[in-house]
Every structure is written in structure tokens, then in C-alpha cells.
file structure11.tsv (TSV, C-alpha atoms)
chain	number	residue	atom	x	y	z
A	1448	MET	CA	-15.15	-40.62	-64.25
A	1449	SER	CA	-17.13	-43.14	-62.19
A	1450	THR	CA	-20.21	-44.72	-63.69
A	1451	LEU	CA	-23.41	-43.08	-62.51
A	1452	THR	CA	-25.90	-45.49	-60.92
A	1453	VAL	CA	-29.57	-44.50	-60.82
A	1454	GLU	CA	-32.02	-46.14	-58.41
A	1455	THR	CA	-35.72	-45.28	-58.28
A	1456	PHE	CA	-37.75	-45.17	-55.07
A	1457	ILE	CA	-41.52	-44.71	-55.38
A	1458	LEU	CA	-42.53	-42.82	-52.26
A	1459	GLY	CA	-45.63	-41.36	-50.65
A	1460	PRO	CA	-49.35	-41.50	-51.43
A	1461	ASP	CA	-48.79	-39.85	-54.83
A	1462	GLU	CA	-46.27	-42.55	-55.81
A	1463	THR	CA	-43.55	-40.02	-56.56
A	1464	ASN	CA	-40.37	-41.14	-58.27
A	1465	CYS	CA	-37.42	-40.20	-56.09
A	1466	TYR	CA	-34.00	-40.90	-57.56
A	1467	LEU	CA	-30.81	-41.93	-55.77
A	1468	LEU	CA	-27.77	-41.21	-57.94
A	1469	SER	CA	-24.46	-42.64	-56.80
A	1470	ALA	CA	-20.88	-42.88	-58.01
A	1471	GLY	CA	-17.66	-43.69	-56.20
A	1472	GLY	CA	-19.23	-43.93	-52.74
A	1473	GLU	CA	-21.00	-40.58	-52.97
A	1474	ALA	CA	-24.62	-39.85	-53.76
A	1475	VAL	CA	-27.23	-37.21	-54.40
A	1476	VAL	CA	-31.01	-37.45	-54.33
A	1477	ILE	CA	-33.27	-35.89	-56.93
A	1478	ASP	CA	-36.62	-35.18	-55.28
A	1479	ALA	CA	-37.55	-36.65	-51.92
A	1480	GLY	CA	-41.12	-37.68	-51.27
A	1481	VAL	CA	-42.85	-37.78	-47.92
A	1482	ASP	CA	-41.71	-40.72	-45.74
A	1483	PRO	CA	-38.32	-41.45	-47.33
A	1484	ALA	CA	-37.55	-44.35	-44.94
A	1485	ARG	CA	-36.65	-46.82	-47.70
A	1486	LEU	CA	-34.43	-44.23	-49.36
A	1487	VAL	CA	-32.67	-43.50	-46.05
A	1488	ALA	CA	-32.16	-47.23	-45.43
A	1489	ARG	CA	-30.57	-47.68	-48.84
A	1490	ILE	CA	-28.17	-44.77	-48.34
A	1491	GLU	CA	-27.12	-46.15	-44.97
A	1492	ALA	CA	-26.85	-49.75	-46.15
A	1493	GLN	CA	-24.56	-48.70	-49.01
A	1494	GLU	CA	-22.61	-46.36	-46.68
A	1495	LEU	CA	-22.99	-43.58	-49.22
A	1496	ALA	CA	-21.94	-40.00	-48.47
A	1497	LEU	CA	-25.00	-37.93	-49.40
A	1498	ARG	CA	-23.74	-34.71	-50.99
A	1499	GLY	CA	-27.01	-32.99	-51.82
A	1500	VAL	CA	-30.73	-33.13	-52.45
A	1501	TYR	CA	-31.85	-31.50	-55.71
A	1502	LEU	CA	-35.52	-30.61	-56.08
A	1503	THR	CA	-37.16	-30.33	-59.47
A	1504	HIS	CA	-39.89	-28.24	-57.84
A	1505	PHE	CA	-41.37	-27.47	-54.46
A	1506	HIS	CA	-44.61	-29.44	-54.37
A	1507	ILE	CA	-44.83	-31.51	-51.23
A	1508	ASP	CA	-44.86	-34.89	-52.98
A	1509	HIS	CA	-41.38	-34.05	-54.35
A	1510	ALA	CA	-39.97	-32.06	-51.43
A	1511	GLY	CA	-41.68	-33.46	-48.33
A	1512	GLY	CA	-38.82	-35.79	-47.40
A	1513	ALA	CA	-35.97	-33.36	-48.06
A	1514	GLY	CA	-35.96	-32.04	-44.51
A	1515	GLU	CA	-35.48	-35.52	-43.08
A	1516	LEU	CA	-32.56	-36.19	-45.43
A	1517	HIS	CA	-31.02	-32.85	-44.48
A	1518	ARG	CA	-31.34	-33.52	-40.75
A	1519	ARG	CA	-30.09	-37.11	-40.94
A	1520	PHE	CA	-27.17	-36.67	-43.34
A	1521	GLY	CA	-26.44	-32.95	-43.23
A	1522	ALA	CA	-26.90	-32.76	-47.01
A	1523	PRO	CA	-27.76	-29.35	-48.46
A	1524	VAL	CA	-31.07	-29.01	-50.31
A	1525	PHE	CA	-31.12	-27.12	-53.61
A	1526	ALA	CA	-34.19	-25.65	-55.33
A	1527	SER	CA	-35.21	-22.71	-57.45
A	1528	PRO	CA	-36.05	-19.56	-55.48
A	1529	HIS	CA	-38.92	-19.01	-57.93
A	1530	ASP	CA	-40.80	-21.72	-56.01
A	1531	ASP	CA	-40.31	-20.13	-52.59
A	1532	PHE	CA	-43.92	-18.90	-52.60
A	1533	LEU	CA	-45.10	-22.50	-52.34
A	1534	LYS	CA	-43.82	-22.66	-48.77
A	1535	ASP	CA	-46.35	-19.95	-47.86
A	1536	ILE	CA	-49.35	-21.44	-49.64
A	1537	SER	CA	-49.02	-25.05	-48.59
A	1538	LEU	CA	-52.79	-25.24	-48.25
A	1539	GLU	CA	-53.13	-24.76	-52.01
A	1540	ALA	CA	-50.00	-26.64	-53.00
A	1541	GLY	CA	-50.18	-29.61	-50.67
A	1542	GLY	CA	-53.76	-30.04	-49.51
A	1543	VAL	CA	-53.87	-29.32	-45.76
A	1544	ARG	CA	-51.99	-26.74	-43.74
A	1545	GLU	CA	-50.60	-29.36	-41.33
A	1546	LEU	CA	-48.34	-30.52	-44.15
A	1547	ALA	CA	-46.42	-27.23	-44.04
A	1548	LYS	CA	-44.05	-28.74	-41.46
A	1549	PHE	CA	-42.68	-31.06	-44.17
A	1550	LEU	CA	-41.46	-28.03	-46.10
A	1551	ASP	CA	-39.66	-26.43	-43.15
A	1552	PHE	CA	-35.96	-26.87	-43.93
A	1553	PRO	CA	-33.11	-24.65	-45.18
A	1554	CYS	CA	-32.83	-24.49	-48.93
A	1555	GLU	CA	-30.01	-23.17	-51.10
A	1556	PRO	CA	-31.05	-21.29	-54.26
A	1557	LEU	CA	-30.32	-23.04	-57.53
A	1558	GLY	CA	-30.57	-21.61	-61.03
A	1559	PRO	CA	-29.78	-22.77	-64.56
A	1560	GLY	CA	-26.22	-23.50	-65.53
A	1561	ARG	CA	-23.45	-26.08	-65.45
A	1562	ARG	CA	-22.31	-27.84	-62.31
A	1563	THR	CA	-20.21	-30.85	-61.41
A	1564	VAL	CA	-22.08	-33.44	-59.35
A	1565	LEU	CA	-20.58	-36.78	-58.31
A	1566	GLY	CA	-17.69	-36.05	-60.66
A	1567	GLN	CA	-20.15	-35.81	-63.55
A	1568	PRO	CA	-21.17	-32.74	-65.56
A	1569	MET	CA	-24.74	-31.74	-64.73
A	1570	VAL	CA	-26.66	-29.06	-66.58
A	1571	VAL	CA	-29.46	-27.40	-64.62
A	1572	LEU	CA	-32.24	-26.47	-67.06
A	1573	ASP	CA	-34.93	-23.93	-66.26
A	1574	THR	CA	-38.16	-25.67	-67.30
A	1575	PRO	CA	-41.07	-23.63	-65.89
A	1576	GLY	CA	-44.71	-24.46	-66.46
A	1577	HIS	CA	-45.70	-26.97	-63.81
A	1578	THR	CA	-44.40	-24.41	-61.32
A	1579	PRO	CA	-42.50	-21.17	-62.03
A	1580	GLY	CA	-39.32	-22.64	-60.57
A	1581	SER	CA	-39.42	-26.10	-62.12
A	1582	LEU	CA	-35.93	-27.37	-62.96
A	1583	SER	CA	-34.64	-30.33	-64.92
A	1584	PHE	CA	-31.25	-31.95	-64.37
A	1585	PHE	CA	-29.37	-33.22	-67.44
A	1586	PHE	CA	-26.37	-35.53	-67.09
A	1587	PRO	CA	-24.87	-35.61	-70.61
A	1588	ALA	CA	-22.24	-38.26	-69.89
A	1589	ALA	CA	-24.94	-40.57	-68.54
A	1590	GLY	CA	-27.47	-39.67	-71.26
A	1591	SER	CA	-30.14	-38.95	-68.67
A	1592	VAL	CA	-32.42	-36.05	-67.72
A	1593	PHE	CA	-34.58	-35.79	-64.61
A	1594	VAL	CA	-37.64	-33.67	-65.33
A	1595	GLY	CA	-39.95	-33.82	-62.31
A	1596	ASP	CA	-43.55	-33.17	-63.35
A	1597	LEU	CA	-42.69	-31.46	-66.63
A	1598	LEU	CA	-43.02	-34.45	-68.93
A	1599	PHE	CA	-44.25	-38.03	-68.59
A	1600	MET	CA	-44.53	-40.98	-70.91
A	1601	ILE	CA	-47.09	-39.83	-73.53
A	1602	ALA	CA	-48.30	-37.08	-71.17
A	1603	VAL	CA	-47.28	-33.71	-69.76
A	1604	GLY	CA	-47.50	-32.19	-66.29
A	1605	ARG	CA	-50.57	-30.47	-64.95
A	1606	THR	CA	-50.68	-26.68	-64.95
A	1607	ASP	CA	-53.78	-25.98	-62.86
A	1608	LEU	CA	-51.89	-25.60	-59.56
A	1609	PRO	CA	-50.76	-22.17	-58.28
A	1610	ARG	CA	-48.87	-20.20	-60.96
A	1611	GLY	CA	-48.75	-23.09	-63.41
A	1612	SER	CA	-48.71	-22.20	-67.09
A	1613	GLY	CA	-49.62	-24.46	-69.99
A	1614	PRO	CA	-47.85	-22.38	-72.66
A	1615	GLU	CA	-44.70	-22.18	-70.53
A	1616	LEU	CA	-44.71	-25.93	-69.90
A	1617	ILE	CA	-45.06	-26.80	-73.59
A	1618	GLY	CA	-42.38	-24.23	-74.43
A	1619	SER	CA	-40.02	-25.70	-71.83
A	1620	ILE	CA	-40.38	-29.20	-73.27
A	1621	ARG	CA	-39.78	-27.99	-76.81
A	1622	SER	CA	-36.86	-25.68	-76.06
A	1623	ARG	CA	-35.11	-27.55	-73.25
A	1624	ILE	CA	-35.92	-31.27	-73.47
A	1625	PHE	CA	-36.61	-31.98	-77.13
A	1626	ILE	CA	-33.28	-30.42	-78.14
A	1627	LEU	CA	-31.40	-33.09	-76.16
A	1628	PRO	CA	-30.08	-36.18	-77.99
A	1629	ASP	CA	-32.93	-38.45	-79.09
A	1630	ASP	CA	-31.70	-41.39	-77.02
A	1631	THR	CA	-31.61	-39.38	-73.77
A	1632	ARG	CA	-33.43	-41.23	-71.01
A	1633	VAL	CA	-36.17	-39.11	-69.44
A	1634	TYR	CA	-36.78	-39.82	-65.76
A	1635	PRO	CA	-40.15	-38.28	-64.77
A	1636	GLY	CA	-41.66	-37.49	-61.39
A	1637	HIS	CA	-44.29	-40.21	-61.75
A	1638	GLY	CA	-44.64	-43.29	-63.92
A	1639	PRO	CA	-42.14	-45.10	-66.14
A	1640	MET	CA	-38.96	-43.82	-67.70
A	1641	THR	CA	-39.16	-42.75	-71.33
A	1642	THR	CA	-36.83	-41.23	-73.94
A	1643	VAL	CA	-36.71	-37.99	-75.88
A	1644	ILE	CA	-37.37	-39.71	-79.19
A	1645	HIS	CA	-40.29	-41.70	-77.78
A	1646	GLU	CA	-42.00	-38.49	-76.67
A	1647	LYS	CA	-41.26	-36.69	-79.94
A	1648	GLU	CA	-42.91	-39.51	-81.85
A	1649	ASN	CA	-45.71	-40.53	-79.50
A	1650	ASN	CA	-46.67	-37.77	-77.07
A	1651	PRO	CA	-50.14	-36.53	-78.13
A	1652	HIS	CA	-49.27	-32.98	-77.07
A	1653	PHE	CA	-46.71	-32.73	-79.89
A	1654	ILE	CA	-46.77	-33.65	-83.56
A	1655	PHE	CA	-43.48	-34.36	-85.32
A	1656	GLN	CA	-42.67	-35.48	-88.82
A	1657	SER	CA	-41.02	-38.90	-88.57
A	1658	GLY	CA	-39.68	-37.97	-85.15
A	1659	ARG	CA	-37.46	-35.24	-86.61
A	1660	GLY	CA	-37.54	-31.52	-87.11
A	1661	GLY	CA	-39.92	-29.06	-85.49
A	1662	PRO	CA	-43.55	-29.43	-84.54
A	1663	VAL	CA	-46.13	-29.38	-87.30
A	1664	ASN	CA	-48.96	-26.96	-86.56

call {"tool": "encode", "arguments": {"input": "structure11.tsv", "output": "C-alpha cells"}}
result
Amino acid sequence: MSTLTVETFILGPDETNCYLLSAGGEAVVIDAGVDPARLVARIEAQELALRGVYLTHFHIDHAGGAGELHRRFGAPVFASPHDDFLKDISLEAGGVRELAKFLDFPCEPLGPGRRTVLGQPMVVLDTPGHTPGSLSFFFPAAGSVFVGDLLFMIAVGRTDLPRGSGPELIGSIRSRIFILPDDTRVYPGHGPMTTVIHEKENNPHFIFQSGRGGPVN
């Protein structure tokens, strides 16, 4: 199994973390912000074969560059069908209706389960709350999970956008992310990387006894 390399590109006006994962000359992208020129240049400079674009959710700051990657490299784009409604309400989800063109690309439905990506096991986790179709991508061999706007360093994602749900978001973190090994690296959609144990012990939205066990009410 080739070592998985993770590179972070901060793209667009919302400073979205877009991740280029590569191994053995192949690559995938997790989230693709608007204006992915630097990401495209890196893929071409490394002569990587782009095998797919995986979206944690369908907000434009995470999906707005996926169409360009699809057209340039022919890579399929994967996202949860539970976020399809966001294509039709781009005014609410993205700000202005002119931005809808950035979400006009073919998308293959993706649901929870195990896959093999870049020769690595990848577990797709359903983590709704920020959006109904929010997904997280866990690479157990690499000890890494990519969570989009579900969880940040000492913060959680907003739930005031269309069909967001605070209780679902908190439940997703508890039942999907906090059950992963404590040293798992958490790669969020914005801001710095963190770890599962750091968030168990420090995130103000959760209270844990000595970083272990369940939440104390």
C-alpha cells in the first residue's frame, strides 16, 4: 500500500480547505473551492492521474471548483444525493443566483459504506447536520478523517443554512467522529487541522471526563 500524501489548498473568498490526496501517481480531491487554479497547477505539475472529486457537501465554497476539475481531467464527482436540492436553491445556499453555473456538472451519488480509494480503504460516513447530505471520509490506514463543515478546531459547523440541524450535527460528531481512534487527524473545511482527542477534551460544545467515556450532561 502506497503512503497517502495530503496537501491542503486554501481556495476562494471563504478560505475553504480543499485537499489533494495522492499515492502512487494517482490522486483524488476532497472538496473543490471556487477558482481551483493552484490545485489544477499542482495536479498537472506532479503529472497525477485524478481519479475522483469527493464532496463533503454541496455548498458552493466546497463544490464550486468541481466542475472545472471534471472538465479538465475527466474525473467523476461524487456527492450525497441528499444535497441535490442545493443545486436548485443556489440563491439561499451560495448568495447570488449567478453562482448557480458553478454547480452545473454531473455528479455521481455517494452514500455511506466502505470503498477503496488510491489503494487505501476509505469509509464514507454519513454525518448530516450542516447539510442533510454531509459526508465525512475516513482513511483508517492513514489515521485521517475529512469532515467538511461538520467539526472545526474547538468549534462546530453552522446549522442556520437551508435544512441544517443542530441536533443532527451534534449527534453526527458524537456517533461518527468521536468513536474514531483518539489520535485520528481531523481535516476540517476551514481552519487548522485538529485531532479527535483534542476536540473531545477542548471543544466547548462537548464535555468529557478526562477525554474519555461519554459526554457528561

call {"tool": "atom_distance", "arguments": {"input": "structure11.tsv", "atom1": "CA of Arg1562 in chain A", "atom2": "CA of Ser1619 in chain A"}}
result
20.2 Å

call {"tool": "residues_around", "arguments": {"input": "structure11.tsv", "residues": "range 1637-1643 of chain A", "least_positions_apart": "4", "cutoff": "9 Å", "atoms": "only C-alpha atoms", "output": "list in words"}}
result
Ile1457, Asp1461, Glu1462, Thr1463, Asn1464, Cys1465, Ser1591, Gly1595, Asp1596, Phe1599, Met1600, Ile1601, Ile1624, Phe1625, Ile1626, Leu1627, Pro1628, Asp1629, Asp1630, Thr1631, Arg1632, Val1633, Lys1647 and Glu1648 of chain A

call {"tool": "axis_aligned_box", "arguments": {"input": "structure11.tsv", "around": "range 1592-1595 of chain A", "padding_each_side": "8 Å", "output": "AutoDock Vina command-line options"}}
result
--center_x -36.2 --center_y -34.9 --center_z -65.0 --size_x 23.5 --size_y 18.4 --size_z 21.4

call {"tool": "closest_residue", "arguments": {"input": "structure11.tsv", "among": "A:Ser1583, A:Phe1549, A:Ser1469, A:Ile1490", "to": "Val1570 in chain A", "atoms": "all atoms listed in the file"}}
result
A:Ser1583

call {"tool": "closest_residue", "arguments": {"input": "structure11.tsv", "among": "A:His1504, A:Phe1585, A:Pro1523, A:Pro1559", "to": "Gly1611 in chain A", "atoms": "only C-alpha atoms"}}
result
A:His1504

call {"tool": "atom_distance", "arguments": {"input": "structure11.tsv", "atom1": "CA of Leu1516 in chain A", "atom2": "CA of Tyr1466 in chain A"}}
result
13.1 Å

call {"tool": "closest_residue", "arguments": {"input": "structure11.tsv", "among": "A:Gly1471, A:Pro1579, A:Pro1635, A:Gly1511", "to": "Leu1451 in chain A", "atoms": "only C-alpha atoms"}}
result
A:Gly1471

call {"tool": "atom_distance", "arguments": {"input": "structure11.tsv", "atom1": "CA of Ser1449 in chain A", "atom2": "CA of Glu1494 in chain A"}}
result
16.8 Å

call {"tool": "closest_residue", "arguments": {"input": "structure11.tsv", "among": "A:Leu1582, A:Leu1467, A:Ala1484, A:Ala1589", "to": "Ala1526 in chain A", "atoms": "all atoms listed in the file"}}
result
A:Leu1582

call {"tool": "closest_residue", "arguments": {"input": "structure11.tsv", "among": "A:Val1524, A:Val1481, A:Gly1604, A:Leu1565", "to": "Leu1468 in chain A", "atoms": "only C-alpha atoms"}}
result
A:Leu1565

call {"tool": "closest_residue", "arguments": {"input": "structure11.tsv", "among": "A:Leu1533, A:Pro1460, A:Val1487, A:Pro1651", "to": "Arg1518 in chain A", "atoms": "all atoms listed in the file"}}
result
A:Val1487

call {"tool": "residues_around", "arguments": {"input": "structure11.tsv", "residues": "Asp1482 in chain A", "least_positions_apart": "5", "cutoff": "8 Å", "atoms": "only C-alpha atoms", "output": "PyMOL selection string"}}
result
chain A and resi 1458-1459+1511-1512

call {"tool": "write_last_selection", "arguments": {"input": "structure11.tsv", "atoms": "C-alpha atoms", "output": "mmCIF file, keeping the file's coordinate frame"}}
result
data_model
loop_
_atom_site.group_PDB
_atom_site.id
_atom_site.type_symbol
_atom_site.label_atom_id
_atom_site.label_comp_id
_atom_site.auth_asym_id
_atom_site.auth_seq_id
_atom_site.Cartn_x
_atom_site.Cartn_y
_atom_site.Cartn_z
ATOM 1 C CA LEU A 1458 -42.530 -42.820 -52.260
ATOM 2 C CA GLY A 1459 -45.630 -41.360 -50.650
ATOM 3 C CA GLY A 1511 -41.680 -33.460 -48.330
ATOM 4 C CA GLY A 1512 -38.820 -35.790 -47.400
#

call {"tool": "residues_around", "arguments": {"input": "structure11.tsv", "residues": "Glu1615 in chain A", "least_positions_apart": "3", "cutoff": "9 Å", "atoms": "all atoms listed in the file", "output": "PyMOL selection string"}}
result
chain A and resi 1574-1577+1579+1611-1612+1618-1620
